[in-house]
>>> print(open('work.cif').read())   # mmCIF, C-alpha atoms
data_protein
#
loop_
_atom_site.label_atom_id
_atom_site.label_comp_id
_atom_site.auth_asym_id
_atom_site.auth_seq_id
_atom_site.Cartn_x
_atom_site.Cartn_y
_atom_site.Cartn_z
CA MET I 1299 18.78 3.64 17.23
CA GLN I 1300 17.73 0.52 15.28
CA THR I 1301 16.47 0.69 11.70
CA SER I 1302 16.02 -2.32 9.41
CA ASP I 1303 18.48 -2.64 6.51
CA ASP I 1304 15.79 -2.29 3.85
CA LEU I 1305 14.71 1.11 5.22
CA LEU I 1306 17.99 2.42 6.63
CA LEU I 1307 19.08 4.66 3.76
CA GLN I 1308 15.54 5.86 3.08
CA ARG I 1309 15.12 6.76 6.74
CA MET I 1310 18.37 8.75 6.89
CA LEU I 1311 17.49 10.65 3.72
CA GLN I 1312 14.14 11.62 5.22
CA CYS I 1313 15.38 12.24 8.77
CA PRO I 1314 19.08 13.18 8.54
CA HIS I 1315 19.15 14.44 12.14
CA GLU I 1316 18.94 10.77 13.21
CA MET I 1317 22.39 10.10 11.77
CA GLY I 1318 23.83 11.42 15.01
CA GLY I 1319 22.46 8.40 16.90
CA LEU I 1320 23.39 5.51 14.62
CA SER I 1321 25.39 2.56 15.94
CA ALA I 1322 28.69 1.45 14.40
CA LEU I 1323 26.95 -1.51 12.75
CA ALA I 1324 24.25 0.72 11.31
CA TRP I 1325 26.91 3.06 9.93
CA ASP I 1326 28.70 0.15 8.29
CA ARG I 1327 25.51 -0.83 6.51
CA LEU I 1328 24.50 2.72 5.67
CA ILE I 1329 27.86 3.49 4.04
CA ARG I 1330 27.61 0.33 1.94
CA LEU I 1331 24.09 1.17 0.77
CA ALA I 1332 24.79 4.83 0.07
CA ARG I 1333 27.97 4.04 -1.88
CA VAL I 1334 26.29 1.68 -4.36
CA ALA I 1335 23.36 4.11 -4.69
CA ASP I 1336 25.73 7.02 -5.49
CA LEU I 1337 24.30 8.93 -2.51
CA LEU I 1338 27.26 9.19 -0.12
CA ALA I 1339 27.85 12.87 -0.90
CA ARG I 1340 24.14 13.62 -0.60
CA LEU I 1341 24.11 12.00 2.83
CA GLY I 1342 27.12 14.07 3.84
CA PHE I 1343 25.42 17.26 2.71
CA LEU I 1344 22.24 16.38 4.62
CA ALA I 1345 24.24 15.57 7.76
CA GLN I 1346 25.93 18.97 7.62
CA GLN I 1347 22.63 20.71 6.90
CA ALA I 1348 20.98 18.94 9.85
CA GLY I 1349 23.80 19.99 12.19
CA VAL I 1350 24.84 16.44 13.15
CA TRP I 1351 28.19 16.32 11.32
CA ALA I 1352 30.24 16.47 14.53
CA GLN I 1353 28.19 13.66 16.08
CA ILE I 1354 29.09 11.16 13.34
CA PRO I 1355 31.93 8.76 14.29
CA ALA I 1356 35.31 9.51 12.69
CA SER I 1357 35.39 6.55 10.28
CA PRO I 1358 32.01 7.05 8.55
CA ARG I 1359 32.53 10.82 8.65
CA ALA I 1360 35.74 10.30 6.65
CA TYR I 1361 33.80 8.37 3.98
CA LEU I 1362 31.22 11.14 3.77
CA ALA I 1363 33.87 13.86 3.66
CA SER I 1364 35.71 12.07 0.85
CA ALA I 1365 32.46 11.76 -1.13
CA LEU I 1366 31.74 15.46 -0.62
CA LEU I 1367 35.21 16.38 -1.89
CA LEU I 1368 34.70 14.21 -4.99
CA ALA I 1369 31.28 15.74 -5.69
CA ASP I 1370 32.70 19.24 -5.21
CA ARG I 1371 35.55 18.53 -7.64
CA GLN I 1372 33.16 17.09 -10.22
CA GLN I 1373 30.89 20.10 -9.92
CA ARG I 1374 33.80 22.52 -10.39
CA GLU I 1375 34.89 20.56 -13.47
CA LEU I 1376 31.27 20.63 -14.66
CA GLY I 1377 31.24 24.43 -14.41
CA TYR I 1378 34.32 24.65 -16.62
CA GLU I 1379 32.94 22.10 -19.09
CA VAL I 1380 29.65 23.97 -19.43
CA GLN I 1381 31.55 27.20 -20.11
CA GLU I 1382 33.37 25.44 -22.94
CA ILE I 1383 30.07 24.11 -24.34
CA GLU I 1384 28.60 27.61 -24.27
CA LEU I 1385 31.70 29.00 -26.00
CA ALA I 1386 31.34 26.41 -28.77
CA LEU I 1387 27.59 26.92 -29.32
CA ARG I 1388 26.67 30.49 -28.47
CA SER I 1389 27.19 31.79 -32.03
CA LEU I 1390 24.41 29.47 -33.27
CA ASN I 1391 21.74 31.59 -31.53
CA ILE I 1392 19.74 28.58 -30.33
CA PRO I 1393 18.68 27.55 -26.82
CA VAL I 1394 20.97 24.93 -25.30
CA VAL I 1395 19.07 23.35 -22.42
CA LEU I 1396 21.05 21.66 -19.65
CA LEU I 1397 19.42 18.47 -18.38
CA LYS I 1398 19.55 16.34 -15.20
CA GLY I 1399 22.53 16.78 -12.88
CA ALA I 1400 24.15 19.59 -14.88
CA ALA I 1401 20.92 21.60 -14.68
CA TYR I 1402 20.46 20.99 -10.96
CA VAL I 1403 24.01 22.07 -10.14
CA LEU I 1404 24.30 25.08 -12.47
CA ALA I 1405 20.85 26.38 -11.54
CA GLY I 1406 21.75 26.22 -7.85
CA LEU I 1407 18.91 23.85 -6.97
CA ASP I 1408 18.79 21.74 -3.83
CA ALA I 1409 18.90 18.61 -6.01
CA GLY I 1410 22.43 19.66 -6.94
CA ASN I 1411 23.71 19.59 -3.36
CA GLY I 1412 25.92 16.53 -2.98
CA ARG I 1413 25.02 15.46 -6.53
CA VAL I 1414 27.59 13.42 -8.42
CA VAL I 1415 27.80 14.47 -12.10
CA SER I 1416 29.85 12.34 -14.49
CA ASP I 1417 28.78 13.78 -17.86
CA VAL I 1418 26.73 16.59 -19.41
CA ASP I 1419 23.35 16.23 -21.13
CA VAL I 1420 21.87 19.01 -23.27
CA LEU I 1421 18.70 19.42 -25.32
CA VAL I 1422 18.73 21.41 -28.58
CA PRO I 1423 16.25 21.84 -31.46
CA ARG I 1424 16.37 18.87 -33.80
CA ALA I 1425 16.72 21.09 -36.86
CA ALA I 1426 19.94 22.50 -35.38
CA LEU I 1427 21.64 19.12 -34.81
CA PRO I 1428 24.00 19.33 -37.84
CA GLU I 1429 25.18 22.81 -36.81
CA VAL I 1430 25.51 21.78 -33.16
CA GLU I 1431 27.52 18.68 -33.99
CA ALA I 1432 29.82 20.60 -36.34
CA ALA I 1433 30.41 23.36 -33.78
CA LEU I 1434 31.18 20.85 -31.05
CA MET I 1435 33.62 18.99 -33.29
CA LEU I 1436 35.44 22.27 -33.91
CA GLY I 1437 35.53 22.68 -30.13
CA GLY I 1438 37.25 19.32 -29.65
CA TRP I 1439 34.39 16.86 -29.14
CA ALA I 1440 34.24 13.72 -31.28
CA SER I 1441 31.71 10.91 -31.61
CA ALA I 1442 32.44 8.06 -29.21
CA ALA I 1443 30.29 5.52 -31.07
CA GLY I 1444 32.76 3.25 -32.83
CA SER I 1445 30.73 1.11 -35.23
CA ALA I 1446 28.59 1.94 -38.23
CA TYR I 1447 25.68 0.15 -36.52
CA ASP I 1448 25.98 2.38 -33.45
CA GLN I 1449 26.02 5.52 -35.60
CA ARG I 1450 22.97 4.40 -37.61
CA TYR I 1451 21.10 3.26 -34.50
CA TYR I 1452 21.54 6.58 -32.67
CA ARG I 1453 20.84 8.81 -35.66
CA THR I 1454 17.80 6.88 -36.88
CA TRP I 1455 16.03 5.71 -33.76
CA MET I 1456 17.33 7.50 -30.69
CA HIS I 1457 16.62 10.91 -29.18
CA GLU I 1458 20.27 11.97 -29.22
CA LEU I 1459 23.44 12.00 -31.21
CA PRO I 1460 25.96 9.27 -30.47
CA PRO I 1461 27.77 10.26 -27.25
CA MET I 1462 30.55 12.78 -27.83
CA GLN I 1463 33.84 12.78 -25.93
CA HIS I 1464 36.34 15.62 -25.75
CA ILE I 1465 39.61 14.55 -27.34
CA GLN I 1466 41.74 16.23 -24.67
CA ARG I 1467 39.71 16.26 -21.45
CA GLY I 1468 37.91 12.95 -22.00
CA THR I 1469 34.61 14.46 -20.82
CA VAL I 1470 31.37 13.01 -22.22
CA LEU I 1471 28.58 15.10 -23.73
CA ASP I 1472 25.15 13.75 -24.74
CA VAL I 1473 23.32 15.98 -27.22
CA HIS I 1474 19.56 15.33 -27.19
CA HIS I 1475 16.86 16.58 -29.54
CA ALA I 1476 14.07 14.96 -27.47
CA ILE I 1477 13.65 13.38 -24.05
CA LEU I 1478 12.51 9.99 -25.42
CA PRO I 1479 13.66 8.05 -28.49
CA VAL I 1480 12.08 8.55 -31.91
CA SER I 1481 11.01 4.89 -31.73
CA ALA I 1482 9.34 5.25 -28.29
CA ARG I 1483 5.62 4.71 -27.77
CA ILE I 1484 5.04 8.28 -26.61
CA HIS I 1485 6.52 11.46 -28.07
CA PRO I 1486 6.72 14.46 -25.72
CA SER I 1487 7.02 17.63 -27.77
CA SER I 1488 10.53 19.08 -27.65
CA GLU I 1489 9.09 22.31 -29.05
CA LEU I 1490 6.87 22.69 -25.97
CA LEU I 1491 9.81 22.01 -23.66
CA LEU I 1492 12.12 24.45 -25.44
CA ARG I 1493 9.43 27.13 -25.58
CA GLU I 1494 9.21 27.37 -21.77
CA ALA I 1495 12.89 26.78 -21.01
CA ARG I 1496 14.52 29.55 -18.97
CA PRO I 1497 17.93 31.19 -19.49
CA LEU I 1498 20.51 30.21 -16.92
CA GLN I 1499 21.71 33.83 -16.91
CA PRO I 1500 20.57 36.89 -18.88
CA GLY I 1501 22.03 36.82 -22.37
CA SER I 1502 23.30 33.24 -22.13
CA CYS I 1503 22.44 30.56 -24.68
CA LEU I 1504 22.36 28.08 -21.79
CA HIS I 1505 18.89 27.31 -20.43
CA VAL I 1506 17.21 24.96 -17.99
CA LEU I 1507 13.75 23.44 -18.27
CA ALA I 1508 10.83 25.19 -16.57
CA PRO I 1509 10.22 23.78 -13.05
CA ILE I 1510 7.28 21.54 -14.00
CA ASP I 1511 9.07 20.31 -17.11
CA MET I 1512 12.17 19.58 -15.05
CA VAL I 1513 10.08 17.34 -12.79
CA LEU I 1514 8.36 15.68 -15.75
CA HIS I 1515 11.70 14.98 -17.40
CA SER I 1516 13.10 13.55 -14.17
CA ALA I 1517 10.02 11.34 -13.81
CA THR I 1518 10.18 10.19 -17.43
CA HIS I 1519 13.88 9.45 -17.35
CA LEU I 1520 13.43 7.37 -14.20
CA MET I 1521 10.28 5.48 -15.18
CA HIS I 1522 11.40 4.68 -18.74
CA GLU I 1523 14.79 3.47 -17.59
CA GLY I 1524 15.84 -0.12 -18.12
CA ASN I 1525 18.84 -0.11 -15.79
CA PHE I 1526 17.95 0.84 -12.22
CA GLU I 1527 21.42 0.78 -10.66
CA GLN I 1528 20.89 4.47 -9.90
CA GLY I 1529 17.14 4.26 -9.50
CA MET I 1530 17.15 5.45 -5.91
CA ARG I 1531 19.31 8.44 -6.82
CA GLY I 1532 16.69 9.30 -9.42
CA LEU I 1533 14.04 9.25 -6.70
CA VAL I 1534 16.19 11.50 -4.50
CA ASP I 1535 16.53 13.98 -7.38
CA LEU I 1536 12.77 13.92 -7.89
CA ASP I 1537 12.07 14.35 -4.18
CA ALA I 1538 14.34 17.40 -3.99
CA LEU I 1539 12.78 18.96 -7.11
CA LEU I 1540 9.23 18.45 -5.85
CA ARG I 1541 9.98 19.86 -2.40
CA GLU I 1542 11.74 22.94 -3.79
CA HIS I 1543 9.54 23.77 -6.78
CA GLY I 1544 6.39 22.71 -4.92
CA ARG I 1545 6.64 25.85 -2.78
CA SER I 1546 5.67 27.95 -5.80
CA PRO I 1547 1.90 28.66 -5.79
CA ASP I 1548 1.46 27.89 -9.51
CA PHE I 1549 3.47 24.65 -9.53
CA TRP I 1550 1.00 21.98 -8.41
CA PRO I 1551 -2.13 23.47 -10.10
CA ARG I 1552 -0.43 23.29 -13.54
CA MET I 1553 1.29 19.90 -13.13
CA VAL I 1554 -1.34 17.52 -14.54
CA ALA I 1555 -2.36 19.71 -17.48
CA ARG I 1556 1.29 19.99 -18.50
CA ALA I 1557 1.74 16.22 -18.23
CA VAL I 1558 -1.31 15.73 -20.47
CA ALA I 1559 0.07 18.20 -23.04
CA LEU I 1560 3.39 16.33 -23.12
CA GLN I 1561 1.85 12.80 -23.08
CA LEU I 1562 3.63 12.07 -19.79
CA THR I 1563 0.77 11.22 -17.45
CA ARG I 1564 1.79 7.55 -16.96
CA PRO I 1565 5.45 8.19 -16.00
CA LEU I 1566 4.30 11.03 -13.73
CA PHE I 1567 1.77 8.72 -12.06
CA TYR I 1568 4.42 6.11 -11.32
CA ALA I 1569 7.02 8.67 -10.24
CA LEU I 1570 4.74 10.43 -7.76
CA ARG I 1571 3.54 7.08 -6.43
CA TYR I 1572 7.01 5.69 -5.71
CA VAL I 1573 8.67 8.87 -4.50
CA GLY I 1574 5.87 9.00 -1.94
CA LYS I 1575 6.16 5.32 -1.01
CA VAL I 1576 9.97 5.26 -0.75
CA LEU I 1577 10.88 8.76 0.46
CA GLY I 1578 7.64 10.04 1.93
CA THR I 1579 7.39 12.97 -0.50
CA ALA I 1580 4.11 14.80 0.04
CA VAL I 1581 1.94 15.40 -3.01
CA PRO I 1582 -1.35 17.33 -2.66
CA PRO I 1583 -4.24 14.81 -2.71
CA ALA I 1584 -6.10 16.95 -5.26
CA VAL I 1585 -3.18 16.55 -7.69
CA LEU I 1586 -3.17 12.77 -7.26
CA GLN I 1587 -6.92 12.63 -7.82
CA GLU I 1588 -6.71 14.79 -10.94
CA LEU I 1589 -3.81 12.71 -12.25
CA SER I 1590 -5.64 9.41 -11.71
CA ARG I 1591 -8.41 10.69 -14.00
CA ALA I 1592 -6.03 12.00 -16.68
CA PRO I 1593 -5.81 10.13 -20.02
CA GLY I 1594 -3.44 7.19 -19.90
CA ALA I 1595 -2.25 7.83 -16.35
CA HIS I 1596 -3.66 4.96 -14.27
CA PRO I 1597 -2.39 1.50 -15.26
CA GLY I 1598 -5.29 -0.51 -13.83
CA ALA I 1599 -5.53 -2.41 -10.55
CA TRP I 1600 -3.82 -5.70 -11.43
CA ARG I 1601 -1.05 -4.11 -13.46
CA LEU I 1602 -0.43 -1.64 -10.65
CA LYS I 1603 0.00 -4.45 -8.13
CA TRP I 1604 2.55 -6.09 -10.40
CA MET I 1605 4.40 -2.81 -11.02
CA ASP I 1606 4.49 -2.10 -7.28
CA ALA I 1607 6.12 -5.49 -6.69
CA MET I 1608 8.69 -4.78 -9.41
CA PHE I 1609 9.51 -1.11 -8.78
CA GLU I 1610 9.71 -1.40 -5.00
CA ARG I 1611 12.47 -4.00 -5.48
CA VAL I 1612 14.58 -1.86 -7.80
CA LEU I 1613 14.05 1.68 -6.48
CA CYS I 1614 16.48 0.95 -3.67
CA PRO I 1615 20.26 0.48 -3.44
CA PRO I 1616 21.51 -2.38 -5.67
CA HIS I 1617 22.95 -4.32 -2.74
CA ALA I 1618 22.41 -7.77 -1.22
CA LEU I 1619 21.46 -6.17 2.10
CA VAL I 1620 18.15 -5.00 0.64
CA ALA I 1621 17.52 -7.66 -2.02
CA ASP I 1622 15.32 -10.74 -1.87
CA ARG I 1623 14.98 -13.76 -4.15
CA TRP I 1624 12.63 -11.86 -6.47
CA THR I 1625 14.92 -8.86 -7.00
CA PRO I 1626 16.75 -10.36 -10.03
CA LEU I 1627 13.36 -11.07 -11.65
CA ALA I 1628 12.27 -7.47 -11.04
CA ARG I 1629 15.47 -6.07 -12.52
CA GLY I 1630 15.23 -8.34 -15.55
CA PHE I 1631 11.56 -7.54 -16.15
CA LEU I 1632 12.08 -3.78 -15.90
CA TYR I 1633 15.14 -3.98 -18.15
CA LEU I 1634 13.00 -5.58 -20.85
CA ARG I 1635 10.16 -3.14 -20.14
CA GLY I 1636 12.52 -0.20 -20.65
CA HIS I 1637 13.49 -1.52 -24.09
CA TRP I 1638 9.85 -2.33 -24.91
CA LEU I 1639 8.84 1.28 -24.18
CA ARG I 1640 11.65 2.56 -26.37
CA MET I 1641 11.17 0.39 -29.47
CA PRO I 1642 8.46 -1.40 -31.47
CA PRO I 1643 8.66 -5.22 -31.25
CA GLY I 1644 10.41 -5.79 -34.58
CA LEU I 1645 13.10 -3.22 -33.96
CA LEU I 1646 13.53 -4.43 -30.37
CA ALA I 1647 14.03 -8.03 -31.50
CA ARG I 1648 16.60 -7.02 -34.12
CA HIS I 1649 18.44 -4.75 -31.70
CA LEU I 1650 18.63 -7.31 -28.87
CA LEU I 1651 19.75 -9.99 -31.36
CA ARG I 1652 22.46 -7.66 -32.63
CA LYS I 1653 23.62 -6.95 -29.05
CA TRP I 1654 23.65 -10.69 -28.28
CA LEU I 1655 25.61 -11.60 -31.39
CA SER I 1656 28.01 -8.63 -31.15
CA PRO I 1657 28.08 -7.49 -27.50
CA LYS I 1658 31.03 -5.17 -28.05
CA GLN I 1659 29.30 -3.37 -30.90
CA GLY I 1660 25.73 -3.07 -29.64
CA ALA I 1661 24.51 0.43 -28.76
#
>>> encode(input="work.cif", output="structure tokens")
Amino acid sequence: MQTSDDLLLQRMLQCPHEMGGLSALAWDRLIRLARVADLLARLGFLAQQAGVWAQIPASPRAYLASALLLADRQQRELGYEVQEIELALRSLNIPVVLLKGAAYVLAGLDAGNGRVVSDVDVLVPRAALPEVEAALMLGGWASAAGSAYDQRYYRTWMHELPPMQHIQRGTVLDVHHAILPVSARIHPSSELLLREARPLQPGSCLHVLAPIDMVLHSATHLMHEGNFEQGMRGLVDLDALLREHGRSPDFWPRMVARAVALQLTRPLFYALRYVGKVLGTAVPPAVLQELSRAPGAHPGAWRLKWMDAMFERVLCPPHALVADRWTPLARGFLYLRGHWLRMPPGLLARHLLRKWLSPKQGA
């Protein structure tokens, strides 16, 4: 079977049963693309699920098997780490909401299958940050931000504490009080997100976001990003969430209203557009029509053409096999856009100047 390099990984993610018929050359290219996209383990899971594992040649199967073992080990370590976080924070009687990969894995969602997880992200009420930080420090976590500028930058402008690292295990924990920085142009209400969060287990302080909020957070994290090295993995997460949660009868009818309430119509618009373009994810036409009429959702015809040209070059594996001469421009533009969305012009200029003058100390 022949598939062009620029569509090879996308095709296998959508049609994993076709992995059984790939040539040796196609496998060589697919492994390269999946590795840089952090999707090798996901491919391995999909191959096993599709029943074509035995049809894959020995060499690429070994790569996939190794990636699956690594993902499995990381997920077992994640389970232990989350237990330790719960032990440190459960006496505070506040919701501790797992985000991104940790939530997908611990909640048993399809997005967690073959998902690589390198650190843990949690969301807590902003008013509880001093207590949370103190309790985590007693549990062995310490701030990993080394300079006074980093500390001030995170605590004044960002949506999280400076990253915390466990002094013995070396694991990294990001404690958020919001899903976008304080300095960002939009401010989704953390109170609304926490209000509908769901306990991971009865009686546990650990929660996960409600299904729609989980999708909105995934979309926002992806579309406000400045570094798209893992952009395609973000699309794969979003695709899996939409396919799984979309089976619930009240999911799609409530999606747009929730995005309006959280001021997230624009990132949702982009996310649904590109997950459909790249991975073929089906979204009900009525939802797309309602979203296009929602406040702030549609960027306008000319801007949309430009954003299509930029996003379609970065929401793919960061590899020369799928790049063209405009890809560096797209990555540079979206890097600056990500910072622009996070900070007002004056703060952005000062921050980038600080990073340029002191690259080892910039946040």
>>> residues_around(input="work.cif", residues="Asp1370 (chain I)", least_positions_apart="4", cutoff="12 Å", atoms="all atoms listed in the file", output="list in words")
Ala1339, Arg1340, Gly1342, Phe1343, Ala1363, Ser1364, Ala1365, Leu1366, Arg1374, Glu1375, Leu1376, Gly1377, Val1403, Gly1410, Asn1411, Gly1412, Arg1413, Val1414, Val1415 and Ser1416 of chain I
>>> closest_residue(input="work.cif", among="I:Asp1417, I:Glu1523, I:Asp1537, I:Glu1494", to="Arg1556 (chain I)", atoms="all atoms listed in the file")
I:Glu1494
>>> resolve_selection(input="work.cif", expression="the PyMOL selection byres ((chain I and resi 1595) around 6)", output="list in words")
Thr1563, Arg1564, Phe1567, Ser1590, Ala1592, Pro1593, Gly1594 and His1596 of chain I
>>> closest_residue(input="work.cif", among="I:Leu1514, I:Leu1421, I:Leu1507, I:Met1462", to="Ala1476 (chain I)", atoms="all atoms listed in the file")
I:Leu1421
>>> closest_residue(input="work.cif", among="I:Ala1517, I:Leu1362, I:Ile1354, I:Leu1307", to="Ala1322 (chain I)", atoms="only C-alpha atoms")
I:Ile1354
>>> resolve_selection(input="work.cif", expression="the PyMOL selection byres ((chain I and resi 1325) around 12)", output="VMD selection string")
chain I and resid 1299 to 1301 1303 1306 to 1307 1310 1316 to 1324 1326 to 1333 1338 1341 1354 to 1362
>>> atom_distance(input="work.cif", atom1="CA of Arg1623 (chain I)", atom2="CA of Gly1578 (chain I)")
25.6 Å
>>> build_atoms(input="work.cif", residues="region 1404-1413 of chain I", atoms="all heavy atoms", output="CSV table (one decimal), keeping the file's coordinate frame")
chain,number,residue,atom,x,y,z
I,1404,LEU,N,24.1,23.7,-11.9
I,1404,LEU,CA,24.3,25.1,-12.5
I,1404,LEU,C,23.2,26.0,-12.1
I,1404,LEU,O,23.4,27.2,-12.0
I,1404,LEU,CB,24.5,25.0,-14.0
I,1404,LEU,CG,25.9,24.8,-14.5
I,1404,LEU,CD1,26.8,25.9,-14.1
I,1404,LEU,CD2,26.5,23.5,-14.0
I,1405,ALA,N,22.0,25.5,-11.9
I,1405,ALA,CA,20.8,26.4,-11.5
I,1405,ALA,C,20.8,26.6,-10.0
I,1405,ALA,O,19.9,27.4,-9.6
I,1405,ALA,CB,19.5,25.8,-12.0
I,1406,GLY,N,21.7,26.0,-9.3
I,1406,GLY,CA,21.8,26.2,-7.8
I,1406,GLY,C,20.6,25.6,-7.1
I,1406,GLY,O,20.2,26.1,-6.0
I,1407,LEU,N,20.1,24.5,-7.6
I,1407,LEU,CA,18.9,23.8,-7.0
I,1407,LEU,C,19.4,22.9,-5.9
I,1407,LEU,O,20.5,22.4,-5.9
I,1407,LEU,CB,18.1,23.0,-8.0
I,1407,LEU,CG,17.5,23.9,-9.1
I,1407,LEU,CD1,16.8,22.9,-10.2
I,1407,LEU,CD2,16.5,24.9,-8.6
I,1408,ASP,N,18.5,22.7,-4.9
I,1408,ASP,CA,18.8,21.7,-3.8
I,1408,ASP,C,19.2,20.4,-4.3
I,1408,ASP,O,20.0,19.7,-3.8
I,1408,ASP,CB,17.6,21.6,-2.9
I,1408,ASP,CG,17.9,20.6,-1.7
I,1408,ASP,OD1,18.9,20.8,-1.0
I,1408,ASP,OD2,17.1,19.7,-1.6
I,1409,ALA,N,18.6,19.9,-5.4
I,1409,ALA,CA,18.9,18.6,-6.0
I,1409,ALA,C,20.4,18.5,-6.4
I,1409,ALA,O,20.9,17.4,-6.6
I,1409,ALA,CB,18.0,18.3,-7.2
I,1410,GLY,N,21.0,19.7,-6.6
I,1410,GLY,CA,22.4,19.7,-6.9
I,1410,GLY,C,23.4,19.5,-5.8
I,1410,GLY,O,24.6,19.3,-5.9
I,1411,ASN,N,22.9,19.7,-4.6
I,1411,ASN,CA,23.7,19.6,-3.4
I,1411,ASN,C,24.1,18.1,-3.1
I,1411,ASN,O,23.3,17.3,-2.9
I,1411,ASN,CB,23.0,20.1,-2.1
I,1411,ASN,CG,22.8,21.6,-2.2
I,1411,ASN,OD1,23.7,22.4,-2.6
I,1411,ASN,ND2,21.6,22.1,-1.9
I,1412,GLY,N,25.4,17.9,-3.2
I,1412,GLY,CA,25.9,16.5,-3.0
I,1412,GLY,C,25.7,15.6,-4.2
I,1412,GLY,O,25.7,14.4,-4.1
I,1413,ARG,N,25.4,16.2,-5.3
I,1413,ARG,CA,25.0,15.5,-6.5
I,1413,ARG,C,26.3,15.1,-7.3
I,1413,ARG,O,27.1,16.0,-7.6
I,1413,ARG,CB,24.0,16.2,-7.4
I,1413,ARG,CG,23.6,15.6,-8.7
I,1413,ARG,CD,22.9,14.3,-8.5
I,1413,ARG,NE,21.9,14.0,-9.5
I,1413,ARG,CZ,22.2,13.5,-10.7
I,1413,ARG,NH1,23.4,13.2,-11.0
I,1413,ARG,NH2,21.2,13.2,-11.6
